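Data from start.cif: mmCIF, C-alpha atoms and all ligand atoms
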```cif
data_final
loop_
_atom_site.group_PDB
_atom_site.id
_atom_site.type_symbol
_atom_site.label_atom_id
_atom_site.label_comp_id
_atom_site.auth_asym_id
_atom_site.auth_seq_id
_atom_site.Cartn_x
_atom_site.Cartn_y
_atom_site.Cartn_z
ATOM 1 C CA MET A 1 0.000 0.000 0.000
ATOM 2 C CA LYS A 2 1.550 3.278 -1.116
ATOM 3 C CA GLN A 3 0.601 5.950 1.391
ATOM 4 C CA GLY A 4 0.992 9.693 1.161
ATOM 5 C CA ILE A 5 -0.231 12.886 2.754
ATOM 6 C CA ILE A 6 -1.507 16.328 1.858
ATOM 7 C CA ILE A 7 1.173 18.235 3.742
ATOM 8 C CA ALA A 8 -1.047 21.231 4.502
ATOM 9 C CA PHE A 9 -2.298 19.124 7.431
ATOM 10 C CA LEU A 10 1.196 19.124 8.936
ATOM 11 C CA GLY A 11 1.058 22.888 9.366
ATOM 12 C CA GLN A 12 -1.469 25.128 11.040
ATOM 13 C CA SER A 13 -5.163 24.974 10.170
ATOM 14 C CA GLN A 14 -8.140 27.097 11.167
ATOM 15 C CA ASP A 15 -11.855 26.708 11.455
ATOM 16 C CA ARG A 16 -14.281 29.510 12.271
ATOM 17 C CA PHE A 17 -13.385 29.445 15.950
ATOM 18 C CA SER A 18 -9.885 28.116 16.542
ATOM 19 C CA SER A 19 -6.409 27.602 15.144
ATOM 20 C CA TYR A 20 -4.889 24.133 15.352
ATOM 21 C CA GLN A 21 -1.184 23.180 15.564
ATOM 22 C CA SER A 22 1.759 25.489 15.007
ATOM 23 C CA PRO A 23 2.647 27.001 11.633
ATOM 24 C CA ALA A 24 5.259 25.202 9.512
ATOM 25 C CA ASN A 25 6.915 26.027 6.198
ATOM 26 C CA THR A 26 7.062 23.495 3.360
ATOM 27 C CA PHE A 27 10.429 22.020 4.363
ATOM 28 C CA GLU A 28 9.282 21.652 7.973
ATOM 29 C CA LYS A 29 6.078 19.920 6.806
ATOM 30 C CA LEU A 30 8.114 17.555 4.632
ATOM 31 C CA LYS A 31 10.381 16.726 7.563
ATOM 32 C CA LEU A 32 7.325 15.919 9.703
ATOM 33 C CA ALA A 33 5.879 13.758 6.892
ATOM 34 C CA ALA A 34 9.145 11.823 6.650
ATOM 35 C CA GLN A 35 8.888 10.977 10.372
ATOM 36 C CA VAL A 36 5.738 8.928 9.682
ATOM 37 C CA GLU A 37 6.912 5.475 8.605
ATOM 38 C CA SER A 38 4.516 4.881 5.721
ATOM 39 C CA PHE A 39 4.375 8.364 4.222
ATOM 40 C CA LYS A 40 6.386 8.445 1.011
ATOM 41 C CA GLY A 41 3.928 10.224 -1.291
ATOM 42 C CA ILE A 42 3.486 13.973 -1.025
ATOM 43 C CA GLU A 43 0.594 16.081 -2.248
ATOM 44 C CA MET A 44 1.340 19.774 -1.988
ATOM 45 C CA ILE A 45 -0.652 22.882 -2.716
ATOM 46 C CA TYR A 46 0.180 24.992 -5.753
ATOM 47 C CA PRO A 47 1.092 27.842 -5.458
ATOM 48 C CA TYR A 48 1.249 28.205 -1.662
ATOM 49 C CA GLU A 49 3.527 25.282 -0.729
ATOM 50 C CA THR A 50 5.307 24.374 -3.942
ATOM 51 C CA GLY A 51 7.937 27.150 -3.847
ATOM 52 C CA GLU A 52 10.930 27.119 -6.166
ATOM 53 C CA SER A 53 10.944 23.825 -8.069
ATOM 54 C CA MET A 54 14.666 22.962 -7.792
ATOM 55 C CA GLU A 55 14.757 23.653 -4.062
ATOM 56 C CA THR A 56 11.554 21.662 -3.497
ATOM 57 C CA MET A 57 12.954 18.723 -5.470
ATOM 58 C CA GLU A 58 16.138 18.798 -3.381
ATOM 59 C CA TRP A 59 14.113 18.724 -0.167
ATOM 60 C CA MET A 60 12.018 15.826 -1.448
ATOM 61 C CA GLY A 61 15.091 13.880 -2.538
ATOM 62 C CA SER A 62 16.995 14.469 0.698
ATOM 63 C CA LEU A 63 14.047 13.090 2.699
ATOM 64 C CA GLY A 64 13.392 10.121 0.388
ATOM 65 C CA LEU A 65 9.915 11.397 -0.597
ATOM 66 C CA GLU A 66 8.083 11.279 -3.934
ATOM 67 C CA PHE A 67 5.218 13.298 -5.386
ATOM 68 C CA ALA A 68 1.727 11.806 -5.252
ATOM 69 C CA ALA A 69 0.067 14.865 -6.791
ATOM 70 C CA ILE A 70 0.081 18.631 -7.080
ATOM 71 C CA ASN A 71 -3.108 20.122 -5.639
ATOM 72 C CA VAL A 72 -3.959 23.402 -7.353
ATOM 73 C CA ASN A 73 -5.795 25.868 -5.124
ATOM 74 C CA ILE A 74 -8.243 28.084 -7.029
ATOM 75 C CA LYS A 75 -10.231 29.309 -4.047
ATOM 76 C CA LYS A 76 -7.896 31.266 -1.791
ATOM 77 C CA GLU A 77 -7.150 34.415 -3.801
ATOM 78 C CA GLU A 78 -9.646 37.213 -3.191
ATOM 79 C CA ILE A 79 -10.818 37.071 -6.808
ATOM 80 C CA PHE A 80 -11.605 33.338 -6.458
ATOM 81 C CA VAL A 81 -13.370 33.426 -3.080
ATOM 82 C CA PRO A 82 -16.844 33.729 -4.706
ATOM 83 C CA GLY A 83 -15.938 31.058 -7.314
ATOM 84 C CA ALA A 84 -13.467 30.516 -10.130
ATOM 85 C CA LEU A 85 -14.154 28.045 -12.953
ATOM 86 C CA SER A 86 -17.904 28.631 -13.227
ATOM 87 C CA ARG A 87 -18.105 32.436 -12.912
ATOM 88 C CA PRO A 88 -19.843 34.653 -15.504
ATOM 89 C CA SER A 89 -16.658 36.749 -15.909
ATOM 90 C CA LYS A 90 -14.412 35.347 -18.630
ATOM 91 C CA GLU A 91 -11.489 37.243 -17.107
ATOM 92 C CA ILE A 92 -11.877 35.443 -13.761
ATOM 93 C CA ARG A 93 -12.336 32.057 -15.460
ATOM 94 C CA ASP A 94 -9.210 32.660 -17.534
ATOM 95 C CA GLN A 95 -7.231 33.403 -14.372
ATOM 96 C CA ALA A 96 -8.420 30.145 -12.804
ATOM 97 C CA VAL A 97 -7.429 28.195 -15.931
ATOM 98 C CA SER A 98 -4.054 29.933 -15.843
ATOM 99 C CA TYR A 99 -3.498 28.720 -12.249
ATOM 100 C CA ILE A 100 -4.206 25.128 -13.285
ATOM 101 C CA LYS A 101 -1.875 25.380 -16.290
ATOM 102 C CA GLN A 102 0.885 26.762 -14.061
ATOM 103 C CA ALA A 103 0.323 23.884 -11.640
ATOM 104 C CA LYS A 104 0.788 21.494 -14.570
ATOM 105 C CA ASP A 105 4.037 23.296 -15.474
ATOM 106 C CA PHE A 106 5.259 22.793 -11.904
ATOM 107 C CA ALA A 107 4.165 19.142 -11.865
ATOM 108 C CA GLU A 108 6.019 18.528 -15.122
ATOM 109 C CA THR A 109 9.216 20.143 -13.781
ATOM 110 C CA VAL A 110 9.281 18.195 -10.519
ATOM 111 C CA GLY A 111 8.004 14.909 -11.999
ATOM 112 C CA ALA A 112 4.643 14.810 -10.211
ATOM 113 C CA PRO A 113 2.253 12.315 -11.845
ATOM 114 C CA LEU A 114 -0.931 14.390 -11.835
ATOM 115 C CA VAL A 115 -2.610 17.659 -10.894
ATOM 116 C CA THR A 116 -5.773 17.541 -8.811
ATOM 117 C CA CYS A 117 -8.243 20.363 -8.301
ATOM 118 C CA CYS A 118 -11.116 20.645 -5.838
ATOM 119 C CA PRO A 119 -13.116 23.670 -7.023
ATOM 120 C CA LEU A 120 -14.596 24.382 -3.609
ATOM 121 C CA SER A 121 -15.628 27.985 -4.132
ATOM 122 C CA ASP A 122 -17.658 27.205 -7.271
ATOM 123 C CA GLY A 123 -21.321 26.723 -6.467
ATOM 124 C CA TYR A 124 -24.014 28.688 -4.703
ATOM 125 C CA ASP A 125 -25.177 29.756 -1.261
ATOM 126 C CA HIS A 126 -28.676 31.056 -2.073
ATOM 127 C CA LEU A 127 -31.357 29.850 -4.435
ATOM 128 C CA PHE A 128 -31.868 32.267 -7.339
ATOM 129 C CA GLN A 129 -28.152 33.105 -7.083
ATOM 130 C CA VAL A 130 -26.510 31.487 -10.110
ATOM 131 C CA ASN A 131 -27.679 30.359 -13.526
ATOM 132 C CA TYR A 132 -27.042 26.598 -13.216
ATOM 133 C CA SER A 133 -26.792 26.038 -16.958
ATOM 134 C CA ASP A 134 -24.278 28.833 -17.496
ATOM 135 C CA ALA A 135 -22.263 27.713 -14.445
ATOM 136 C CA TRP A 136 -22.093 24.149 -15.778
ATOM 137 C CA LYS A 137 -21.159 25.166 -19.325
ATOM 138 C CA ASN A 138 -18.485 27.511 -17.977
ATOM 139 C CA THR A 139 -17.050 24.695 -15.851
ATOM 140 C CA VAL A 140 -16.973 22.295 -18.827
ATOM 141 C CA GLU A 141 -15.192 24.946 -20.895
ATOM 142 C CA THR A 142 -12.637 26.000 -18.271
ATOM 143 C CA PHE A 143 -11.813 22.560 -16.888
ATOM 144 C CA GLY A 144 -11.681 21.264 -20.464
ATOM 145 C CA GLU A 145 -9.237 23.977 -21.525
ATOM 146 C CA ALA A 146 -7.023 23.238 -18.508
ATOM 147 C CA ALA A 147 -7.175 19.495 -19.255
ATOM 148 C CA ASP A 148 -6.129 20.069 -22.885
ATOM 149 C CA TYR A 149 -2.917 21.786 -21.737
ATOM 150 C CA LYS A 150 -0.004 19.323 -21.356
ATOM 151 C CA PRO A 151 -2.188 16.202 -21.344
ATOM 152 C CA HIS A 152 0.790 14.071 -20.249
ATOM 153 C CA ILE A 153 0.091 15.624 -16.835
ATOM 154 C CA PRO A 154 -3.519 14.433 -16.292
ATOM 155 C CA LEU A 155 -5.997 16.703 -14.548
ATOM 156 C CA TYR A 156 -8.173 15.253 -11.794
ATOM 157 C CA VAL A 157 -11.282 16.823 -10.267
ATOM 158 C CA GLU A 158 -12.199 16.229 -6.622
ATOM 159 C CA PRO A 159 -15.923 16.471 -5.874
ATOM 160 C CA LYS A 160 -17.187 17.774 -2.560
ATOM 161 C CA PHE A 161 -20.791 18.400 -1.548
ATOM 162 C CA ASN A 162 -20.289 21.715 0.247
ATOM 163 C CA GLU A 163 -17.761 24.082 1.819
ATOM 164 C CA THR A 164 -16.852 26.745 0.986
ATOM 165 C CA ARG A 165 -20.117 27.118 -0.947
ATOM 166 C CA VAL A 166 -23.300 25.825 0.678
ATOM 167 C CA HIS A 167 -23.662 23.673 -2.456
ATOM 168 C CA CYS A 168 -20.654 23.047 -4.684
ATOM 169 C CA THR A 169 -21.063 22.721 -8.461
ATOM 170 C CA ILE A 170 -19.064 19.463 -8.561
ATOM 171 C CA ASP A 171 -20.868 17.983 -5.561
ATOM 172 C CA THR A 172 -20.790 14.229 -6.148
ATOM 173 C CA THR A 173 -18.827 11.510 -7.925
ATOM 174 C CA ALA A 174 -21.620 11.363 -10.500
ATOM 175 C CA ALA A 175 -21.342 15.115 -11.189
ATOM 176 C CA ALA A 176 -17.564 14.793 -11.547
ATOM 177 C CA LEU A 177 -18.042 11.963 -14.056
ATOM 178 C CA LEU A 178 -20.665 13.951 -15.960
ATOM 179 C CA LEU A 179 -18.195 16.836 -16.175
ATOM 180 C CA LEU A 180 -15.460 14.558 -17.530
ATOM 181 C CA LYS A 181 -17.860 12.937 -19.993
ATOM 182 C CA ASP A 182 -18.960 16.378 -21.233
ATOM 183 C CA ILE A 183 -15.291 17.339 -21.662
ATOM 184 C CA GLY A 184 -14.330 14.043 -23.302
ATOM 185 C CA ASN A 185 -10.584 14.171 -22.641
ATOM 186 C CA PRO A 186 -9.051 10.850 -21.552
ATOM 187 C CA ALA A 187 -6.252 12.720 -19.714
ATOM 188 C CA THR A 188 -8.605 13.408 -16.816
ATOM 189 C CA GLY A 189 -9.785 11.636 -13.689
ATOM 190 C CA VAL A 190 -11.625 11.871 -10.417
ATOM 191 C CA THR A 191 -9.997 12.268 -7.011
ATOM 192 C CA LEU A 192 -12.193 10.128 -4.789
ATOM 193 C CA ASP A 193 -12.089 11.482 -1.248
ATOM 194 C CA PHE A 194 -13.478 8.805 1.070
ATOM 195 C CA GLY A 195 -14.978 11.360 3.455
ATOM 196 C CA HIS A 196 -16.459 13.576 0.754
ATOM 197 C CA SER A 197 -18.109 10.506 -0.709
ATOM 198 C CA MET A 198 -19.478 9.409 2.699
ATOM 199 C CA TYR A 199 -21.095 12.700 3.555
ATOM 200 C CA ALA A 200 -22.519 13.150 0.055
ATOM 201 C CA GLY A 201 -24.623 10.051 0.772
ATOM 202 C CA GLU A 202 -22.460 7.819 -1.398
ATOM 203 C CA ASN A 203 -20.715 4.572 -0.730
ATOM 204 C CA PRO A 204 -17.005 5.060 -1.546
ATOM 205 C CA ALA A 205 -16.521 1.523 -2.893
ATOM 206 C CA ARG A 206 -19.408 1.954 -5.312
ATOM 207 C CA SER A 207 -18.146 5.435 -6.285
ATOM 208 C CA LEU A 208 -14.687 4.004 -6.967
ATOM 209 C CA MET A 209 -16.161 1.407 -9.291
ATOM 210 C CA GLN A 210 -18.330 4.011 -11.048
ATOM 211 C CA ILE A 211 -15.160 5.954 -11.859
ATOM 212 C CA ALA A 212 -13.230 2.848 -12.879
ATOM 213 C CA ASP A 213 -16.064 1.634 -15.106
ATOM 214 C CA SER A 214 -16.203 5.052 -16.804
ATOM 215 C CA GLY A 215 -12.654 4.594 -18.067
ATOM 216 C CA PHE A 216 -11.427 7.831 -16.451
ATOM 217 C CA GLY A 217 -8.554 7.877 -13.967
ATOM 218 C CA TYR A 218 -9.016 7.524 -10.231
ATOM 219 C CA TYR A 219 -6.899 8.720 -7.329
ATOM 220 C CA ILE A 220 -7.874 8.176 -3.697
ATOM 221 C CA HIS A 221 -7.819 10.416 -0.617
ATOM 222 C CA ILE A 222 -8.381 8.610 2.686
ATOM 223 C CA ASN A 223 -9.909 9.912 5.925
ATOM 224 C CA ASP A 224 -13.213 9.505 7.773
ATOM 225 C CA ASN A 225 -16.068 11.576 9.200
ATOM 226 C CA ASP A 226 -19.537 11.247 10.742
ATOM 227 C CA ALA A 227 -21.240 11.384 7.293
ATOM 228 C CA ARG A 228 -22.607 14.836 8.199
ATOM 229 C CA HIS A 229 -19.560 17.075 7.761
ATOM 230 C CA ASP A 230 -16.055 16.886 6.295
ATOM 231 C CA TRP A 231 -14.276 16.328 9.623
ATOM 232 C CA ASP A 232 -11.124 14.811 8.105
ATOM 233 C CA LEU A 233 -10.746 12.186 10.839
ATOM 234 C CA SER A 234 -8.296 9.301 10.601
ATOM 235 C CA SER A 235 -9.280 6.345 8.434
ATOM 236 C CA GLY A 236 -11.390 3.660 10.035
ATOM 237 C CA SER A 237 -12.282 5.794 13.064
ATOM 238 C CA ARG A 238 -15.982 5.805 12.053
ATOM 239 C CA HIS A 239 -16.710 3.746 8.937
ATOM 240 C CA PHE A 240 -14.669 0.572 9.218
ATOM 241 C CA LEU A 241 -16.621 -1.637 6.818
ATOM 242 C CA HIS A 242 -17.006 1.111 4.202
ATOM 243 C CA PHE A 243 -13.235 1.552 4.280
ATOM 244 C CA ALA A 244 -12.682 -2.208 4.061
ATOM 245 C CA GLU A 245 -15.024 -2.450 1.080
ATOM 246 C CA MET A 246 -13.302 0.423 -0.745
ATOM 247 C CA LEU A 247 -9.905 -1.212 -0.174
ATOM 248 C CA PHE A 248 -11.333 -4.528 -1.421
ATOM 249 C CA TYR A 249 -12.284 -2.945 -4.741
ATOM 250 C CA ALA A 250 -9.078 -0.895 -4.949
ATOM 251 C CA LYS A 251 -7.196 -4.172 -4.667
ATOM 252 C CA GLU A 252 -9.436 -5.794 -7.268
ATOM 253 C CA LEU A 253 -8.632 -2.904 -9.619
ATOM 254 C CA GLY A 254 -4.891 -3.170 -8.961
ATOM 255 C CA TYR A 255 -4.872 0.452 -7.758
ATOM 256 C CA ASP A 256 -1.252 1.569 -7.892
ATOM 257 C CA LYS A 257 -1.363 5.276 -7.021
ATOM 258 C CA HIS A 258 -0.948 6.585 -3.476
ATOM 259 C CA PHE A 259 -3.628 6.402 -0.842
ATOM 260 C CA THR A 260 -3.167 10.015 0.165
ATOM 261 C CA THR A 261 -4.178 11.040 3.656
ATOM 262 C CA ASP A 262 -6.556 13.994 3.658
ATOM 263 C CA ALA A 263 -6.997 14.039 7.426
ATOM 264 C CA SER A 264 -6.402 16.626 10.105
ATOM 265 C CA PRO A 265 -4.582 15.871 13.367
ATOM 266 C CA ARG A 266 -6.864 18.507 14.938
ATOM 267 C CA ILE A 267 -5.976 18.667 18.677
ATOM 268 C CA PHE A 268 -3.747 15.566 18.668
ATOM 269 C CA ASP A 269 0.009 15.127 18.254
ATOM 270 C CA ARG A 270 0.708 15.433 14.532
ATOM 271 C CA VAL A 271 3.259 12.704 13.916
ATOM 272 C CA GLY A 272 1.703 10.306 16.424
ATOM 273 C CA TYR A 273 -1.771 10.779 14.930
ATOM 274 C CA PHE A 274 -0.655 10.070 11.388
ATOM 275 C CA GLN A 275 1.483 7.124 12.526
ATOM 276 C CA LYS A 276 -1.635 5.492 14.035
ATOM 277 C CA HIS A 277 -3.673 6.384 10.939
ATOM 278 C CA THR A 278 -1.159 4.779 8.575
ATOM 279 C CA GLU A 279 -0.767 1.694 10.764
ATOM 280 C CA PHE A 280 -4.522 1.152 10.685
ATOM 281 C CA ALA A 281 -4.726 1.566 6.910
ATOM 282 C CA ASN A 282 -1.785 -0.786 6.349
ATOM 283 C CA ALA A 283 -3.263 -3.404 8.678
ATOM 284 C CA LEU A 284 -6.645 -3.331 6.954
ATOM 285 C CA TRP A 285 -4.966 -3.449 3.528
ATOM 286 C CA GLU A 286 -3.116 -6.572 4.630
ATOM 287 C CA LEU A 287 -6.323 -8.115 5.940
ATOM 288 C CA ILE A 288 -7.989 -7.460 2.569
ATOM 289 C CA GLU A 289 -4.964 -9.016 0.872
ATOM 290 C CA ARG A 290 -5.428 -12.218 2.884
ATOM 291 C CA LEU A 291 -9.134 -12.504 1.976
ATOM 292 C CA ASP A 292 -10.290 -14.961 -0.639
ATOM 293 C CA ARG A 293 -11.707 -12.139 -2.728
ATOM 294 C CA GLN A 294 -12.866 -14.471 -5.451
ATOM 295 C CA ALA A 295 -15.032 -16.259 -2.890
ATOM 296 C CA PHE A 296 -16.775 -12.959 -2.088
ATOM 297 C CA LEU A 297 -17.257 -12.193 -5.790
ATOM 298 C CA ASP A 298 -18.597 -15.694 -6.468
ATOM 299 C CA LEU A 299 -21.126 -15.384 -3.643
ATOM 300 C CA MET A 300 -22.267 -12.020 -5.030
ATOM 301 C CA ALA A 301 -22.748 -13.557 -8.458
ATOM 302 C CA GLN A 302 -24.787 -16.326 -6.864
ATOM 303 C CA GLU A 303 -26.781 -13.783 -4.772
ATOM 304 C CA LYS A 304 -25.859 -15.669 -1.590
ATOM 305 C CA SER A 305 -26.391 -12.727 0.777
ATOM 306 C CA LEU A 306 -26.493 -14.706 4.026
ATOM 307 C CA GLU A 307 -23.221 -16.444 3.224
ATOM 308 C CA LEU A 308 -21.736 -13.007 2.479
ATOM 309 C CA MET A 309 -22.942 -11.745 5.890
ATOM 310 C CA GLU A 310 -21.144 -14.681 7.488
ATOM 311 C CA MET A 311 -17.961 -13.944 5.504
ATOM 312 C CA VAL A 312 -18.057 -10.287 6.613
ATOM 313 C CA LYS A 313 -18.494 -11.357 10.245
ATOM 314 C CA THR A 314 -15.773 -13.973 10.315
ATOM 315 C CA GLU A 315 -13.276 -12.809 7.672
ATOM 316 C CA ILE A 316 -13.424 -9.011 8.012
ATOM 317 C CA TYR A 317 -14.715 -8.186 11.509
ATOM 318 C CA ARG A 318 -13.035 -11.363 12.786
ATOM 319 C CA LEU A 319 -15.906 -12.160 15.141
HETATM 320 MN MN MN A 401 -9.566 15.326 -0.352
#
```
Please go through the file and, once you have read it, give me the structure as structure tokens.
Amino acid sequence: MKQGIIIAFLGQSQDRFSSYQSPANTFEKLKLAAQVESFKGIEMIYPYETGESMETMEWMGSLGLEFAAINVNIKKEEIFVPGALSRPSKEIRDQAVSYIKQAKDFAETVGAPLVTCCPLSDGYDHLFQVNYSDAWKNTVETFGEAADYKPHIPLYVEPKFNETRVHCTIDTTAAALLLLKDIGNPATGVTLDFGHSMYAGENPARSLMQIADSGFGYYIHINDNDARHDWDLSSGSRHFLHFAEMLFYAKELGYDKHFTTDASPRIFDRVGYFQKHTEFANALWELIERLDRQAFLDLMAQEKSLELMEMVKTEIYRL
């Protein structure tokens, strides 16, 4: 199991009420990541963490780390706070596309395999606020233009139901797939965030297979939550069997990218928290490896639901 981390979570984070952890620069975050045994893959935010490419590459090399992805942020700048890719203003949309293209340039220089984008500020807060048709067509056009640029660096979209908008434009796995189908560029994919999928009312294993069956790429973020909010808890802390089922299908697919941690240490010790998180994920991955997966698949084909319940009890929960 190749594990990685979005290094923003190794620095300071804020919610509406509190700040968590102490600030850290990119090198300090990388050094913390390297202290966690299983973290080799790094996802970093363009342009706020990526810095000067040669220096960043030296840091990565000296710590024995590799890039999992470049995560382009098109929500932080003042101009993008009310939205970016879907906005009526062509000038604003062009600036958002330019950010994604620059992230692809950086990814190409440092040898990162893909660029992922979670367009969190695109969407709406009120009803009668945006023209849904125009917003969708704008998103198809802008994301499509960004995808066309340097297609050897594929562009992935990460759906999320809400936050920062009350309702995001790319809210679900199905919406992400519809976007990619409307664009029609094979150099695209979906970043499946386990927690986003859970609190959008999905089942992450089923969402993973929807993406895989579409023929588009898939890249996985792991975490957990209470299925009501994107709490970014450690994997398996709430939805054990959902996580086991997603890993089952990831193994069936021969998933070979990183499982990138998109979890927040919140009030807990950073390195210790992520060490426990990675140990749990590795242990469950190994349990899934030991399963007779074909036996599960055969029972599904035969619609033997009670036998499957028994297999889940004895082989997965170990009861
Ligand atoms: Mn994520």
Worksheet item: Which residues match the PyMOL selection byres (((chain A and resi 275) around 12) and not hetatm) in the file above, as a list in words?
Response: Gln3, Gly4, Ile5, Leu32, Ala33, Ala34, Gln35, Val36, Glu37, Ser38, Phe39, Ser234, Ser235, Thr261, Pro265, Phe268, Asp269, Arg270, Val271, Gly272, Tyr273, Phe274, Lys276, His277, Thr278, Glu279, Phe280, Ala281 and Asn282 of chain A
May I have the residues from that selection written out with C-alpha atoms, as a PDB file, in the coordinates of the input?
```pdb
ATOM      1  CA  GLN A   3       0.601   5.950   1.391  1.00  0.00           C
ATOM      2  CA  GLY A   4       0.992   9.693   1.161  1.00  0.00           C
ATOM      3  CA  ILE A   5      -0.231  12.886   2.754  1.00  0.00           C
ATOM      4  CA  LEU A  32       7.325  15.919   9.703  1.00  0.00           C
ATOM      5  CA  ALA A  33       5.879  13.758   6.892  1.00  0.00           C
ATOM      6  CA  ALA A  34       9.145  11.823   6.650  1.00  0.00           C
ATOM      7  CA  GLN A  35       8.888  10.977  10.372  1.00  0.00           C
ATOM      8  CA  VAL A  36       5.738   8.928   9.682  1.00  0.00           C
ATOM      9  CA  GLU A  37       6.912   5.475   8.605  1.00  0.00           C
ATOM     10  CA  SER A  38       4.516   4.881   5.721  1.00  0.00           C
ATOM     11  CA  PHE A  39       4.375   8.364   4.222  1.00  0.00           C
ATOM     12  CA  SER A 234      -8.296   9.301  10.601  1.00  0.00           C
ATOM     13  CA  SER A 235      -9.280   6.345   8.434  1.00  0.00           C
ATOM     14  CA  THR A 261      -4.178  11.040   3.656  1.00  0.00           C
ATOM     15  CA  PRO A 265      -4.582  15.871  13.367  1.00  0.00           C
ATOM     16  CA  PHE A 268      -3.747  15.566  18.668  1.00  0.00           C
ATOM     17  CA  ASP A 269       0.009  15.127  18.254  1.00  0.00           C
ATOM     18  CA  ARG A 270       0.708  15.433  14.532  1.00  0.00           C
ATOM     19  CA  VAL A 271       3.259  12.704  13.916  1.00  0.00           C
ATOM     20  CA  GLY A 272       1.703  10.306  16.424  1.00  0.00           C
ATOM     21  CA  TYR A 273      -1.771  10.779  14.930  1.00  0.00           C
ATOM     22  CA  PHE A 274      -0.655  10.070  11.388  1.00  0.00           C
ATOM     23  CA  LYS A 276      -1.635   5.492  14.035  1.00  0.00           C
ATOM     24  CA  HIS A 277      -3.673   6.384  10.939  1.00  0.00           C
ATOM     25  CA  THR A 278      -1.159   4.779   8.575  1.00  0.00           C
ATOM     26  CA  GLU A 279      -0.767   1.694  10.764  1.00  0.00           C
ATOM     27  CA  PHE A 280      -4.522   1.152  10.685  1.00  0.00           C
ATOM     28  CA  ALA A 281      -4.726   1.566   6.910  1.00  0.00           C
ATOM     29  CA  ASN A 282      -1.785  -0.786   6.349  1.00  0.00           C
TER      30      ASN A 282
END
```
Discussion item. Would you pick out the contacts of region 197-208 of chain A at 6 Å or less, using only C-alpha atoms, so that residues sharing its chain but fewer than 6 positions from it are not included, and give the list as a list in words?
Written reply: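 So the residues in contact are Phe161, Ala227, Arg228, Glu245 and Met246 of chain A.
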File of the preceding selection, C-alpha atoms, as a PDB file, in the coordinates of the input:
```pdb
ATOM      1  CA  PHE A 161     -20.791  18.400  -1.548  1.00  0.00           C
ATOM      2  CA  ALA A 227     -21.240  11.384   7.293  1.00  0.00           C
ATOM      3  CA  ARG A 228     -22.607  14.836   8.199  1.00  0.00           C
ATOM      4  CA  GLU A 245     -15.024  -2.450   1.080  1.00  0.00           C
ATOM      5  CA  MET A 246     -13.302   0.423  -0.745  1.00  0.00           C
TER       6      MET A 246
END
```
Worksheet item: Within 10 Å of ligand MN 401 (chain A), counting all atoms listed in the file: which residues, as a list in words?
Response: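 Counting only what the definition allows, namely all atoms listed in the file, the set is Ile6, Asn71, Thr116, Cys117, Cys118, Glu158, Pro159, Lys160, Thr191, Leu192, Asp193, Phe194, Gly195, His196, Ser197, Tyr219, Ile220, His221, Ile222, Asn223, Asp230, Asp232, Thr260, Thr261, Asp262 and Ala263 of chain A.
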Output C-alpha atoms for every residue in the selection just made, as a compact mmCIF listing (two decimals), keeping the file's coordinate frame.
```txt
# COMPACT_ATOMS: atom_id res chain seq x y z
CA ILE A 6 -1.51 16.33 1.86
CA ASN A 71 -3.11 20.12 -5.64
CA THR A 116 -5.77 17.54 -8.81
CA CYS A 117 -8.24 20.36 -8.30
CA CYS A 118 -11.12 20.64 -5.84
CA GLU A 158 -12.20 16.23 -6.62
CA PRO A 159 -15.92 16.47 -5.87
CA LYS A 160 -17.19 17.77 -2.56
CA THR A 191 -10.00 12.27 -7.01
CA LEU A 192 -12.19 10.13 -4.79
CA ASP A 193 -12.09 11.48 -1.25
CA PHE A 194 -13.48 8.80 1.07
CA GLY A 195 -14.98 11.36 3.46
CA HIS A 196 -16.46 13.58 0.75
CA SER A 197 -18.11 10.51 -0.71
CA TYR A 219 -6.90 8.72 -7.33
CA ILE A 220 -7.87 8.18 -3.70
CA HIS A 221 -7.82 10.42 -0.62
CA ILE A 222 -8.38 8.61 2.69
CA ASN A 223 -9.91 9.91 5.92
CA ASP A 230 -16.06 16.89 6.30
CA ASP A 232 -11.12 14.81 8.10
CA THR A 260 -3.17 10.02 0.16
CA THR A 261 -4.18 11.04 3.66
CA ASP A 262 -6.56 13.99 3.66
CA ALA A 263 -7.00 14.04 7.43
```
Worksheet item: Counting all atoms listed in the file, which of A:Ala283, A:Phe106, A:Gln294, A:Arg266 gets nearest to Ser18 (chain A)?
Response: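 For Ser18 (chain A), the nearest of the given residues is A:Arg266.
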Practice prompt. In the coordinates of the file, take the point (-16.4, 4.8, -19.6) and a cut-off of 12 Å; then, counting all atoms listed in the file, name each qualifying protein, DNA or RNA residue as a PyMOL selection string.
Written response: chain A and resi 177-178+180-182+184-186+188-189+209-217
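Considering only C-alpha atoms, the residue among A:Thr109, A:Asn162, A:Gln12, A:Ser133 positioned nearest to Lys29 (chain A) is A:Gln12.
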Could you give me, as CSV, a per-residue list for region 121-142 of chain A showing, wherever an atom lies at most 10 Å from an atom of region 72-83 of chain A, the closest pair of atoms and their distance in Å to one decimal, using all atoms listed in the file and sorting by chain then residue number from low to high?
```
residue,atom,partner,partner_atom,distance
A:Ser121,CA,A:Gly83,CA,4.4
A:Asp122,CA,A:Gly83,CA,4.2
A:Gly123,CA,A:Gly83,CA,7.0
A:Tyr124,CA,A:Pro82,CA,8.8
A:Asp125,CA,A:Pro82,CA,9.9
```
Item to complete: List the residues selected by the PyMOL selection byres (((chain A and resi 93) around 12) and not hetatm) in the file shown, writing them as a PyMOL selection string.
Response: chain A and resi 74-75+79-80+82-92+94-100+119+122+135+137-146
Worksheet, complete the sentence: One decimal place gives the CA of Ser53 (chain A)-CA of Tyr20 (chain A) separation as 28.3 Å
